[in-house]
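**Student:** Pasting data-v7.cif here (mmCIF, C-alpha atoms and all ligand atoms):
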```cif
data_input
#
loop_
_atom_site.label_atom_id
_atom_site.label_comp_id
_atom_site.auth_asym_id
_atom_site.auth_seq_id
_atom_site.Cartn_x
_atom_site.Cartn_y
_atom_site.Cartn_z
CA MET A 17 95.69 136.89 105.77
CA LYS A 18 98.68 136.53 103.52
CA PRO A 19 98.09 134.61 100.28
CA VAL A 20 99.12 130.96 100.03
CA LYS A 21 101.54 130.26 97.19
CA ILE A 22 101.44 126.91 95.46
CA GLY A 23 103.48 125.18 92.77
CA ILE A 24 101.86 122.79 90.29
CA CYS A 25 104.08 119.95 89.07
CA GLY A 26 102.80 118.14 85.99
CA LEU A 27 100.52 119.67 83.39
CA GLY A 28 98.77 116.61 81.98
CA THR A 29 95.05 115.89 82.25
CA VAL A 30 94.76 116.59 85.99
CA GLY A 31 97.39 119.36 86.04
CA SER A 32 95.65 121.36 83.35
CA GLY A 33 92.27 120.73 85.00
CA THR A 34 93.66 122.01 88.31
CA PHE A 35 95.09 125.13 86.67
CA ASN A 36 91.78 125.85 84.94
CA VAL A 37 89.58 125.29 88.03
CA LEU A 38 91.85 127.43 90.23
CA THR A 39 91.84 130.20 87.64
CA ARG A 40 88.14 130.07 86.75
CA ASN A 41 86.77 129.77 90.31
CA GLN A 42 89.30 132.08 91.93
CA ARG A 43 86.67 134.21 93.69
CA GLU A 44 84.79 131.28 95.31
CA ILE A 45 87.99 129.44 96.17
CA SER A 46 89.61 132.46 97.86
CA ALA A 47 86.42 133.19 99.75
CA ARG A 48 86.25 129.62 101.03
CA ALA A 49 89.94 129.45 101.91
CA GLY A 50 89.80 132.84 103.61
CA THR A 51 92.89 133.85 101.66
CA ASP A 52 94.07 134.10 98.06
CA ILE A 53 95.70 131.05 96.49
CA ILE A 54 98.40 132.02 94.01
CA ILE A 55 99.98 129.69 91.46
CA GLU A 56 103.56 130.77 92.08
CA GLN A 57 105.21 128.35 89.68
CA ILE A 58 104.42 125.50 87.32
CA GLY A 59 106.83 122.65 86.66
CA ALA A 60 106.07 120.81 83.42
CA ARG A 61 108.17 119.19 80.74
CA ARG A 62 105.85 120.64 78.07
CA ASP A 63 102.93 123.05 77.75
CA ASN A 64 99.39 121.74 77.50
CA PRO A 65 97.04 123.42 75.01
CA ALA A 66 94.17 122.64 77.43
CA CYS A 67 95.30 125.54 79.65
CA ASP A 68 96.78 128.97 79.00
CA THR A 69 99.89 129.35 81.14
CA SER A 70 101.37 132.22 79.11
CA ASN A 71 101.22 134.54 82.15
CA SER A 72 102.65 131.96 84.57
CA ASN A 73 106.15 131.24 85.78
CA VAL A 74 106.81 127.88 84.08
CA THR A 75 109.93 125.79 84.60
CA ARG A 76 110.83 122.61 82.73
CA ASP A 77 112.48 121.18 85.86
CA VAL A 78 109.85 120.16 88.44
CA PHE A 79 112.50 120.12 91.17
CA ASP A 80 112.77 123.92 90.81
CA VAL A 81 109.28 124.02 92.32
CA ALA A 82 110.23 121.86 95.31
CA ARG A 83 113.20 124.18 95.94
CA ASN A 84 111.41 127.48 95.33
CA PRO A 85 111.43 129.30 98.70
CA GLU A 86 108.20 131.13 97.80
CA VAL A 87 106.21 127.91 97.27
CA GLU A 88 104.45 126.61 100.40
CA VAL A 89 102.44 123.81 98.82
CA VAL A 90 103.73 121.50 96.08
CA VAL A 91 100.91 119.99 94.02
CA GLU A 92 102.29 116.75 92.57
CA LEU A 93 100.34 115.73 89.45
CA ILE A 94 103.03 113.79 87.61
CA GLY A 95 101.93 110.29 88.57
CA GLY A 96 103.96 107.11 89.01
CA THR A 97 106.47 106.32 91.71
CA GLY A 98 109.71 107.50 90.13
CA ILE A 99 110.21 111.26 89.73
CA ALA A 100 107.00 111.91 91.66
CA LYS A 101 108.40 110.19 94.76
CA GLU A 102 111.70 112.07 94.58
CA LEU A 103 109.81 115.31 94.13
CA VAL A 104 107.55 114.71 97.13
CA GLU A 105 110.54 113.73 99.27
CA GLU A 106 112.37 116.89 98.27
CA ALA A 107 109.31 119.04 98.92
CA ILE A 108 108.91 117.52 102.41
CA ALA A 109 112.61 117.90 103.15
CA ASN A 110 112.24 121.58 102.23
CA GLY A 111 109.31 121.93 104.67
CA LYS A 112 106.59 122.19 102.04
CA HIS A 113 103.13 120.68 102.23
CA VAL A 114 102.15 118.34 99.42
CA VAL A 115 98.89 117.77 97.57
CA THR A 116 98.84 114.75 95.29
CA ALA A 117 96.45 112.74 93.11
CA ASN A 118 98.95 109.88 93.02
CA LYS A 119 97.37 106.66 94.32
CA ALA A 120 100.34 104.46 93.42
CA LEU A 121 102.64 106.71 95.43
CA ILE A 122 100.38 106.74 98.49
CA ALA A 123 99.47 103.03 98.36
CA GLU A 124 103.05 101.83 97.88
CA PHE A 125 105.07 104.46 99.75
CA GLY A 126 102.52 106.26 101.92
CA ASN A 127 103.78 104.76 105.20
CA GLU A 128 107.28 106.14 104.75
CA LEU A 129 106.17 109.42 103.17
CA PHE A 130 103.66 110.13 105.95
CA ALA A 131 106.33 109.43 108.56
CA LYS A 132 108.71 111.85 106.82
CA ALA A 133 105.98 114.50 106.55
CA GLU A 134 105.01 114.10 110.23
CA ALA A 135 108.65 114.44 111.29
CA LYS A 136 108.84 117.70 109.33
CA GLY A 137 105.45 118.99 110.55
CA VAL A 138 103.96 119.11 107.06
CA THR A 139 100.92 117.46 105.51
CA ILE A 140 100.44 115.23 102.47
CA ALA A 141 96.88 115.63 101.21
CA TYR A 142 95.59 113.03 98.74
CA GLU A 143 91.81 113.28 98.33
CA ALA A 144 92.18 113.09 94.53
CA ALA A 145 94.03 109.76 94.75
CA VAL A 146 90.82 107.77 95.29
CA ALA A 147 87.61 107.91 93.25
CA GLY A 148 88.40 111.18 91.45
CA GLY A 149 85.89 113.86 92.40
CA ILE A 150 84.16 111.95 95.22
CA PRO A 151 85.29 113.30 98.63
CA ILE A 152 85.59 109.77 100.01
CA ILE A 153 88.78 110.36 102.03
CA LYS A 154 87.13 113.23 103.86
CA ALA A 155 83.97 111.17 104.37
CA LEU A 156 85.89 108.27 105.91
CA ARG A 157 88.43 110.24 107.95
CA GLU A 158 86.06 112.91 109.22
CA GLY A 159 82.38 112.35 108.43
CA LEU A 160 82.36 108.74 109.65
CA SER A 161 84.85 109.07 112.50
CA ALA A 162 82.25 107.92 115.06
CA ASN A 163 81.91 104.52 113.42
CA LYS A 164 83.56 101.17 113.48
CA ILE A 165 83.70 100.52 109.73
CA GLU A 166 82.58 96.94 109.08
CA TRP A 167 83.17 96.82 105.34
CA LEU A 168 83.35 98.89 102.21
CA ALA A 169 82.94 98.00 98.56
CA GLY A 170 83.68 100.28 95.66
CA ILE A 171 83.71 100.69 91.92
CA ILE A 172 86.92 102.68 91.96
CA ASN A 173 88.33 102.49 88.46
CA GLY A 174 86.49 104.69 85.99
CA THR A 175 88.17 103.20 82.92
CA GLY A 176 87.22 99.65 83.86
CA ASN A 177 83.64 100.63 84.60
CA PHE A 178 83.43 102.56 81.33
CA ILE A 179 84.67 99.49 79.41
CA LEU A 180 82.24 97.07 81.13
CA THR A 181 79.32 99.45 80.59
CA GLU A 182 80.02 100.00 76.90
CA MET A 183 80.52 96.24 76.34
CA ARG A 184 77.18 95.52 78.02
CA ASP A 185 75.09 98.33 76.51
CA LYS A 186 76.55 98.65 73.04
CA GLY A 187 78.28 95.30 72.52
CA ARG A 188 81.48 97.24 71.85
CA ASP A 189 84.86 95.66 71.58
CA PHE A 190 87.15 95.79 74.65
CA ALA A 191 90.14 97.34 72.84
CA ASP A 192 88.01 99.94 71.08
CA VAL A 193 86.48 101.21 74.36
CA LEU A 194 89.88 101.25 76.07
CA LYS A 195 91.22 103.46 73.27
CA GLU A 196 88.36 105.90 73.81
CA ALA A 197 89.02 105.95 77.58
CA GLN A 198 92.65 106.85 76.84
CA GLU A 199 91.58 109.66 74.49
CA LEU A 200 89.23 111.01 77.17
CA GLY A 201 92.09 111.10 79.71
CA TYR A 202 90.55 108.46 82.00
CA ALA A 203 93.11 105.69 81.57
CA GLU A 204 96.46 105.42 83.33
CA ALA A 205 99.69 106.03 81.37
CA ASP A 206 99.98 102.23 81.39
CA PRO A 207 96.36 101.11 80.81
CA THR A 208 97.08 97.60 82.09
CA PHE A 209 96.89 99.27 85.52
CA ASP A 210 93.22 99.91 84.79
CA VAL A 211 92.25 96.62 83.15
CA GLU A 212 94.28 94.34 85.41
CA GLY A 213 92.96 95.97 88.59
CA ILE A 214 96.21 97.50 89.85
CA ASP A 215 94.81 101.03 89.89
CA ALA A 216 91.77 99.84 91.85
CA ALA A 217 94.07 97.92 94.20
CA HIS A 218 96.05 101.09 94.93
CA LYS A 219 92.84 102.91 95.80
CA LEU A 220 91.36 100.08 97.89
CA VAL A 221 94.51 99.79 100.00
CA ILE A 222 94.20 103.49 100.84
CA LEU A 223 90.49 103.24 101.68
CA ALA A 224 90.98 100.14 103.84
CA SER A 225 93.79 101.74 105.84
CA ILE A 226 91.65 104.77 106.61
CA ALA A 227 88.56 102.68 107.30
CA PHE A 228 90.18 100.22 109.72
CA GLY A 229 93.16 102.22 111.02
CA MET A 230 96.00 100.11 109.68
CA PRO A 231 99.23 100.83 107.81
CA LEU A 232 99.02 100.72 103.99
CA GLN A 233 99.55 97.12 102.85
CA PHE A 234 99.72 97.12 99.06
CA ASN A 235 101.68 93.86 98.86
CA SER A 236 98.92 91.91 100.58
CA ILE A 237 95.99 92.74 98.31
CA PHE A 238 94.42 90.13 96.01
CA THR A 239 93.96 91.56 92.51
CA GLU A 240 92.11 90.30 89.45
CA GLY A 241 91.25 92.49 86.43
CA ILE A 242 88.47 92.57 83.85
CA SER A 243 90.38 91.38 80.80
CA GLU A 244 89.01 87.82 81.11
CA ILE A 245 85.34 88.86 81.27
CA ALA A 246 83.54 87.32 78.28
CA PRO A 247 80.52 89.06 76.73
CA GLU A 248 78.38 85.94 77.40
CA ASP A 249 79.06 86.24 81.15
CA VAL A 250 77.66 89.77 81.08
CA VAL A 251 74.52 88.39 79.37
CA HIS A 252 74.09 85.40 81.72
CA ALA A 253 74.69 87.52 84.81
CA ASP A 254 71.89 89.77 83.59
CA GLU A 255 69.58 86.73 83.17
CA PHE A 256 70.27 85.77 86.80
CA GLY A 257 69.39 89.36 87.86
CA TYR A 258 72.97 90.58 88.38
CA SER A 259 75.41 93.11 86.90
CA ILE A 260 79.13 92.42 86.59
CA LYS A 261 81.20 95.19 88.15
CA HIS A 262 84.87 95.44 88.94
CA LEU A 263 84.71 95.78 92.69
CA GLY A 264 87.17 96.49 95.48
CA VAL A 265 86.09 94.91 98.76
CA ALA A 266 87.59 95.48 102.22
CA ARG A 267 85.98 93.81 105.21
CA GLN A 268 87.06 93.48 108.81
CA SER A 269 86.25 90.41 110.89
CA GLU A 270 87.62 88.69 113.98
CA ALA A 271 89.92 86.61 111.75
CA GLY A 272 91.46 89.58 109.94
CA VAL A 273 90.92 91.89 107.00
CA GLU A 274 89.75 90.95 103.51
CA LEU A 275 91.41 93.08 100.86
CA ARG A 276 90.48 92.12 97.32
CA VAL A 277 89.78 93.56 93.88
CA HIS A 278 88.03 91.43 91.26
CA PRO A 279 85.09 91.24 88.86
CA THR A 280 81.94 90.65 90.90
CA LEU A 281 78.29 89.86 90.24
CA ILE A 282 76.09 92.32 92.19
CA PRO A 283 72.26 92.10 92.33
CA LYS A 284 70.82 94.63 89.88
CA LYS A 285 68.50 95.94 92.58
CA ARG A 286 71.46 97.44 94.51
CA LEU A 287 72.10 101.12 93.73
CA ILE A 288 75.81 100.44 93.23
CA ALA A 289 75.04 97.89 90.50
CA ASN A 290 73.61 100.77 88.46
CA VAL A 291 76.75 102.90 88.59
CA ASP A 292 77.78 103.05 84.94
CA GLY A 293 80.33 104.63 82.61
CA VAL A 294 83.25 106.45 84.17
CA MET A 295 81.30 107.00 87.38
CA ASN A 296 82.66 105.56 90.64
CA ALA A 297 80.82 104.68 93.84
CA VAL A 298 81.90 103.54 97.28
CA LEU A 299 79.51 101.79 99.64
CA VAL A 300 80.62 102.05 103.26
CA LYS A 301 78.98 100.16 106.13
CA GLY A 302 79.55 101.77 109.51
CA ASP A 303 78.17 100.20 112.68
CA ALA A 304 76.42 103.40 113.76
CA VAL A 305 75.37 104.99 110.49
CA GLY A 306 74.59 101.77 108.55
CA PRO A 307 75.23 101.64 104.81
CA THR A 308 76.20 104.90 103.07
CA LEU A 309 76.90 105.38 99.36
CA TYR A 310 79.21 107.94 97.75
CA TYR A 311 78.86 108.47 94.00
CA GLY A 312 80.51 110.65 91.39
CA PRO A 313 82.95 110.87 88.48
CA GLY A 314 86.03 108.79 89.21
CA ALA A 315 88.35 110.16 86.55
CA GLY A 316 88.82 113.05 84.15
CA ALA A 317 90.46 116.47 84.28
CA GLU A 318 88.09 118.66 86.27
CA PRO A 319 86.44 116.02 88.50
CA THR A 320 89.91 115.07 89.74
CA ALA A 321 90.95 118.73 89.89
CA SER A 322 87.90 119.34 92.10
CA ALA A 323 89.45 117.06 94.74
CA VAL A 324 92.98 118.47 94.27
CA VAL A 325 91.78 122.04 94.73
CA ALA A 326 89.68 121.06 97.77
CA ASP A 327 92.88 119.80 99.41
CA VAL A 328 94.66 123.05 98.52
CA VAL A 329 91.77 125.00 100.10
CA ASP A 330 91.93 122.86 103.25
CA LEU A 331 95.66 123.52 103.57
CA ALA A 332 95.24 127.23 102.83
CA ARG A 333 92.66 127.51 105.62
CA THR A 334 95.10 126.19 108.22
CA LEU A 335 98.20 127.85 106.74
CA GLY A 336 96.44 131.18 106.54
CA SER A 337 95.41 130.97 110.19
CA GLY A 338 98.87 129.77 111.27
CA GLN A 339 97.48 126.46 112.58
CA GLN A 340 98.53 122.90 111.85
CA THR A 341 96.06 120.45 110.36
CA THR A 342 94.41 118.32 113.04
CA VAL A 343 93.50 115.33 110.82
CA ALA A 344 96.07 112.53 110.82
CA HIS A 345 97.17 111.23 107.42
CA LEU A 346 95.22 107.98 107.76
CA GLY A 347 92.59 109.46 110.08
CA PHE A 348 93.88 107.57 113.15
CA ALA A 349 96.36 109.29 115.46
CA ALA A 350 100.01 108.39 114.89
CA GLY A 351 100.91 105.32 116.96
CA SER A 352 97.36 103.94 117.01
CA LEU A 353 97.48 102.15 113.65
CA GLN A 354 97.19 98.36 114.00
CA ASP A 355 98.75 95.75 111.73
CA PHE A 356 95.70 93.52 111.23
CA PRO A 357 96.39 90.26 109.38
CA ILE A 358 95.21 90.24 105.74
CA LEU A 359 93.31 87.03 104.97
CA PRO A 360 94.52 84.91 102.03
CA ILE A 361 91.95 84.72 99.22
CA GLU A 362 91.54 80.93 99.76
CA GLU A 363 90.08 81.64 103.22
CA ILE A 364 87.51 84.15 102.01
CA GLU A 365 83.86 83.24 101.64
CA THR A 366 81.67 84.49 98.79
CA ALA A 367 78.97 83.10 96.52
CA TYR A 368 79.97 82.17 92.95
CA TYR A 369 78.77 82.26 89.37
CA LEU A 370 80.03 79.27 87.37
CA ARG A 371 79.85 78.76 83.60
CA MET A 372 80.88 75.61 81.80
CA GLU A 373 80.41 73.85 78.49
CA ALA A 374 78.77 70.45 78.95
CA GLU A 375 78.09 67.59 76.54
CA ASP A 376 74.43 67.52 75.64
CA LYS A 377 73.55 64.16 77.22
CA PRO A 378 71.50 62.94 80.21
CA GLY A 379 72.99 63.02 83.70
CA VAL A 380 75.60 65.77 83.29
CA LEU A 381 73.79 68.29 85.45
CA SER A 382 73.34 65.70 88.19
CA GLU A 383 77.07 64.85 88.10
CA VAL A 384 77.90 68.54 88.58
CA THR A 385 75.38 69.05 91.38
CA LYS A 386 76.58 65.88 93.10
CA ILE A 387 80.12 67.29 93.30
CA LEU A 388 78.83 70.56 94.70
CA SER A 389 76.55 68.96 97.29
CA GLY A 390 79.38 66.60 98.29
CA LEU A 391 81.36 69.69 99.29
CA ASP A 392 78.36 71.26 101.03
CA ILE A 393 77.98 73.94 98.36
CA SER A 394 74.33 74.64 97.73
CA ILE A 395 73.00 75.85 94.42
CA GLU A 396 70.97 79.05 94.25
CA ALA A 397 70.00 79.00 90.56
CA VAL A 398 70.77 77.17 87.30
CA ILE A 399 70.43 78.12 83.64
CA GLN A 400 70.99 75.59 80.90
CA LYS A 401 70.73 76.71 77.27
CA GLU A 402 69.59 74.82 74.19
CA PRO A 403 72.54 73.69 72.08
CA ALA A 404 73.39 76.14 69.31
CA ASN A 405 72.55 74.90 65.79
CA GLY A 406 74.68 71.85 65.05
CA ALA A 407 76.54 71.99 68.39
CA SER A 408 76.87 68.91 70.58
CA ASP A 409 77.55 70.82 73.79
CA VAL A 410 75.51 73.26 75.86
CA PRO A 411 76.41 76.16 78.13
CA LEU A 412 75.53 75.51 81.76
CA MET A 413 75.51 78.33 84.32
CA LEU A 414 75.08 78.06 88.09
CA LEU A 415 74.90 80.42 91.02
CA THR A 416 76.09 78.92 94.30
CA ASN A 417 75.55 79.98 97.87
CA ARG A 418 78.47 81.23 99.95
CA THR A 419 81.43 78.95 100.45
CA GLN A 420 85.16 79.33 101.08
CA GLU A 421 87.28 79.93 97.98
CA LYS A 422 89.39 76.81 98.62
CA ASN A 423 86.25 74.66 98.80
CA LEU A 424 84.94 76.12 95.55
CA LEU A 425 88.31 75.55 93.84
CA ASN A 426 88.17 71.93 94.93
CA ALA A 427 84.71 71.62 93.35
CA VAL A 428 85.86 73.32 90.13
CA ASN A 429 88.79 70.89 89.82
CA GLN A 430 86.45 67.92 90.20
CA ILE A 431 83.95 69.35 87.70
CA GLU A 432 86.67 70.03 85.12
CA ALA A 433 87.78 66.40 85.47
CA LEU A 434 84.35 65.10 84.40
CA ASP A 435 84.35 63.53 80.91
CA ALA A 436 81.20 65.45 79.99
CA ILE A 437 82.67 68.88 80.80
CA ILE A 438 84.62 70.55 78.03
CA GLY A 439 87.48 72.92 78.89
CA GLN A 440 87.70 75.12 81.94
CA VAL A 441 85.00 76.33 84.27
CA THR A 442 84.64 80.13 84.40
CA ARG A 443 84.04 81.43 87.91
CA ILE A 444 83.19 84.92 89.08
CA ARG A 445 82.63 85.89 92.71
CA VAL A 446 79.19 87.14 93.77
CA GLU A 447 78.52 89.75 96.49
CA THR A 448 75.00 90.62 97.62
CA LEU A 449 76.19 93.73 99.53
CA GLY A 450 73.15 93.54 101.80
N1 LIG B 501 92.73 105.56 85.54
C1 LIG B 501 91.96 105.97 86.64
C2 LIG B 501 90.53 105.52 86.45
C3 LIG B 501 92.01 107.46 86.78
O1 LIG B 501 90.16 105.17 85.34
O2 LIG B 501 89.77 105.48 87.40
C4 LIG B 501 91.52 107.96 88.10
O3 LIG B 501 92.28 107.45 89.16
#
```
Render the structure in this file as structure tokens.
Ligand code: HSE

**Tutor:**
Amino acid sequence: MKPVKIGICGLGTVGSGTFNVLTRNQREISARAGTDIIIEQIGARRDNPACDTSNSNVTRDVFDVARNPEVEVVVELIGGTGIAKELVEEAIANGKHVVTANKALIAEFGNELFAKAEAKGVTIAYEAAVAGGIPIIKALREGLSANKIEWLAGIINGTGNFILTEMRDKGRDFADVLKEAQELGYAEADPTFDVEGIDAAHKLVILASIAFGMPLQFNSIFTEGISEIAPEDVVHADEFGYSIKHLGVARQSEAGVELRVHPTLIPKKRLIANVDGVMNAVLVKGDAVGPTLYYGPGAGAEPTASAVVADVVDLARTLGSGQQTTVAHLGFAAGSLQDFPILPIEEIETAYYLRMEAEDKPGVLSEVTKILSGLDISIEAVIQKEPANGASDVPLMLLTNRTQEKNLLNAVNQIEALDAIIGQVTRIRVETLG
């Protein structure tokens, strides 16, 4: 079969990793693809000392790659939704297939890009866009295609998980760990995407669309990051038998679809609660298979390159044999996607962890529990600490049973209005994932 010629656009962390994996594992990759894969051209504004491209055809204008008649597959590893989007549009218009690791591009513009690609008879492959090296797109679109997916929950931002783990295990400072994540190439160009949950939201939107068969709905997702997590909450969660993880949750019910990203207490006994560092994991509950867990490195040069190259191999297999890919972009045949309503966060039911500062005097706990019971919120567990030396107030932590968010907010407002409660009540959602 004739070789498949690709063009790599962007030579940052993932671009250099992709170049190195393709070069190093050439023999295995060609054997699996059934044809040779040749890097015809590289488009990069600057060289990267992490890979030796001295024998490659390098252009400083990435659009040269999208216009190069020899290139069949454009590998977009620039990131963002500016130049990357224009590049992908030009590649599609020129009849080229696209492989991308760009979750923002797929989550925000996937609907229109997939439609353009389908009209042109080309494919956009994006395994690397979600959970780095974990083949979760393939698992959902192909491996689990027999199932009605009930829900999925994932730790899908490596940087955020790395920060939470280091804070918990080593008591390290938030900013210091974030700096290390940037140096290691885990963090986004704008790291607020990692810490404020936007990166995880991009990924969850993609997973939910594939899981439930609905168009990508980035504007409807509820997003909360990890920047407000206090070290004492990590400690108290641990005392209750929970870990705090930044979790993306998508769940389908009769009423609609839950689509939310936020810090979450998870029982320590769950496997996913023990996913630490830059590792990612996605727990998927299918009605036939039951719960399944996918685990692996969620960021970094070669783990992400592993997914990029797998997409290139998939394309090369079909291109080499002259066939078209048979897997739809979102796993459901065109025309069968359904616009399920996304539930507002106030309507969603979870359990809660609450922490408040209370005056150290009799009756405060009963005032708090009275408010909760008045709203039919039952209490699962309580921890009250001794006052610190010389302090007149005490930390009070509660775990509630499940209730609707709007009911819990009502309770929090009433608790904060009590004379004996100082400042605001901290609340973190709890998922048992059972
Ligand atoms: N910034 C992302 C993360 C990179 O930390 O998970 C992989 O998408």

**Student:** Just the residues within 8 Å of A:His218, please, counting all atoms listed in the file, with nothing from its chain fewer than 2 positions along; format it as JSON, numbers by chain.

**Tutor:** {"A": [119, 120, 122, 123, 124, 214, 215, 216, 220, 221, 222, 234]}

**Student:** Limited to C-alpha atoms, could you put the picked residues into a file as a CSV table (one decimal), keeping the file's coordinate frame?

**Tutor:**
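Final file, again32.csv:
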```
chain,number,residue,atom,x,y,z
A,119,LYS,CA,97.4,106.7,94.3
A,120,ALA,CA,100.3,104.5,93.4
A,122,ILE,CA,100.4,106.7,98.5
A,123,ALA,CA,99.5,103.0,98.4
A,124,GLU,CA,103.0,101.8,97.9
A,214,ILE,CA,96.2,97.5,89.8
A,215,ASP,CA,94.8,101.0,89.9
A,216,ALA,CA,91.8,99.8,91.8
A,220,LEU,CA,91.4,100.1,97.9
A,221,VAL,CA,94.5,99.8,100.0
A,222,ILE,CA,94.2,103.5,100.8
A,234,PHE,CA,99.7,97.1,99.1
```

**Student:** Can you tell me, as a VMD selection string, what residues are no more than 9 Å from stretch 382-384 of chain A when counting all atoms listed in the file, ignoring any on the same chain fewer than 3 positions away?

**Tutor:** chain A and resid 378 to 379 387 to 389 427 430 to 431 434

**Student:** Taking all atoms listed in the file into account, which residues have an atom no farther than 6 Å from ligand LIG 501 (chain B)? I'd like them as a PDB file with C-alpha atoms, in the frame of the given file.

**Tutor:**
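What landed in result-v7.pdb:
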```
ATOM      1  CA  GLY A 148      88.400 111.180  91.450  1.00  0.00           C
ATOM      2  CA  ASN A 173      88.330 102.490  88.460  1.00  0.00           C
ATOM      3  CA  GLY A 174      86.490 104.690  85.990  1.00  0.00           C
ATOM      4  CA  THR A 175      88.170 103.200  82.920  1.00  0.00           C
ATOM      5  CA  TYR A 202      90.550 108.460  82.000  1.00  0.00           C
ATOM      6  CA  ALA A 203      93.110 105.690  81.570  1.00  0.00           C
ATOM      7  CA  GLU A 204      96.460 105.420  83.330  1.00  0.00           C
ATOM      8  CA  ASP A 210      93.220  99.910  84.790  1.00  0.00           C
ATOM      9  CA  GLY A 314      86.030 108.790  89.210  1.00  0.00           C
ATOM     10  CA  ALA A 315      88.350 110.160  86.550  1.00  0.00           C
TER      11      ALA A 315
END
```

**Student:** Go through A:Thr442, A:Asn405, A:Asn118, A:Asn426 and flag the residue nearest A:Met372, using only C-alpha atoms for the distances.

**Tutor:** A:Thr442

**Student:** Please indicate the distance in Å from atom CA of A:Val328 to atom CA of A:Phe125, rounded to one decimal place.

**Tutor:**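 Separating atom CA of A:Val328 from atom CA of A:Phe125 is a distance of 21.3 Å.
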
**Student:** Could you name the residues that touch A:Ile438 at 10 Å or less, counting all atoms listed in the file, but leaving out those on the same chain fewer than 4 positions away, as a PyMOL selection string?

**Tutor:** chain A and resi 372-375+409-411+431-434

**Student:** Just give me the gap between atom CA of A:Arg62 and atom CA of A:Glu199 in Å, one decimal is fine.

**Tutor:**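 Those two atoms sit 18.4 Å apart.
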
**Student:** Considering all atoms listed in the file, return as a list in words whatever protein or nucleic-acid residues lie within 12 Å of A:Gly316, sequence-local ones (same chain, fewer than 5 positions apart) excluded.

**Tutor:** Gly28, Thr29, Val30, Gly31, Ser32, Gly33, Thr34, Ala117, Ala144, Ala147, Gly148, Gly149, Asn173, Gly174, Thr175, Ala197, Gln198, Glu199, Leu200, Gly201, Tyr202, Ala203, Glu204, Val294, Met295, Asn296, Ala321, Ser322 and Ala323 of chain A

**Student:** Restricting the calculation to only C-alpha atoms: of A:Asp376, A:Glu421, A:Asp185, A:Glu270, which residue gets closest to A:Val250?

**Tutor:** A:Asp185

**Student:** With only C-alpha atoms as the atoms that count, which of A:Ala271, A:Leu180, A:Ile444, A:Leu331 lies nearest to A:Pro360?

**Tutor:**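 Closest residue, counting only C-alpha atoms: A:Ala271.
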
**Student:** Write out as a PyMOL selection string which residues come within 12 Å of A:Phe190 when counting only C-alpha atoms, dropping same-chain ones fewer than 2 positions away.

**Tutor:** chain A and resi 175-184+186-188+192-197+211+242-247

**Student:** For atom CA of A:Leu281 and atom CA of A:Leu415, quote the distance in Å rounded to one decimal.

**Tutor:**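 A separation of 10.1 Å between them.
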
**Student:** Choose the residue, out of A:Gln340, A:Asn163, A:Ser259, A:Thr366, that has the smallest atom-to-atom separation from A:Ala289; count all atoms listed in the file.

**Tutor:**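 Looking only at the distances to A:Ala289, the closest residue turns out to be A:Ser259.
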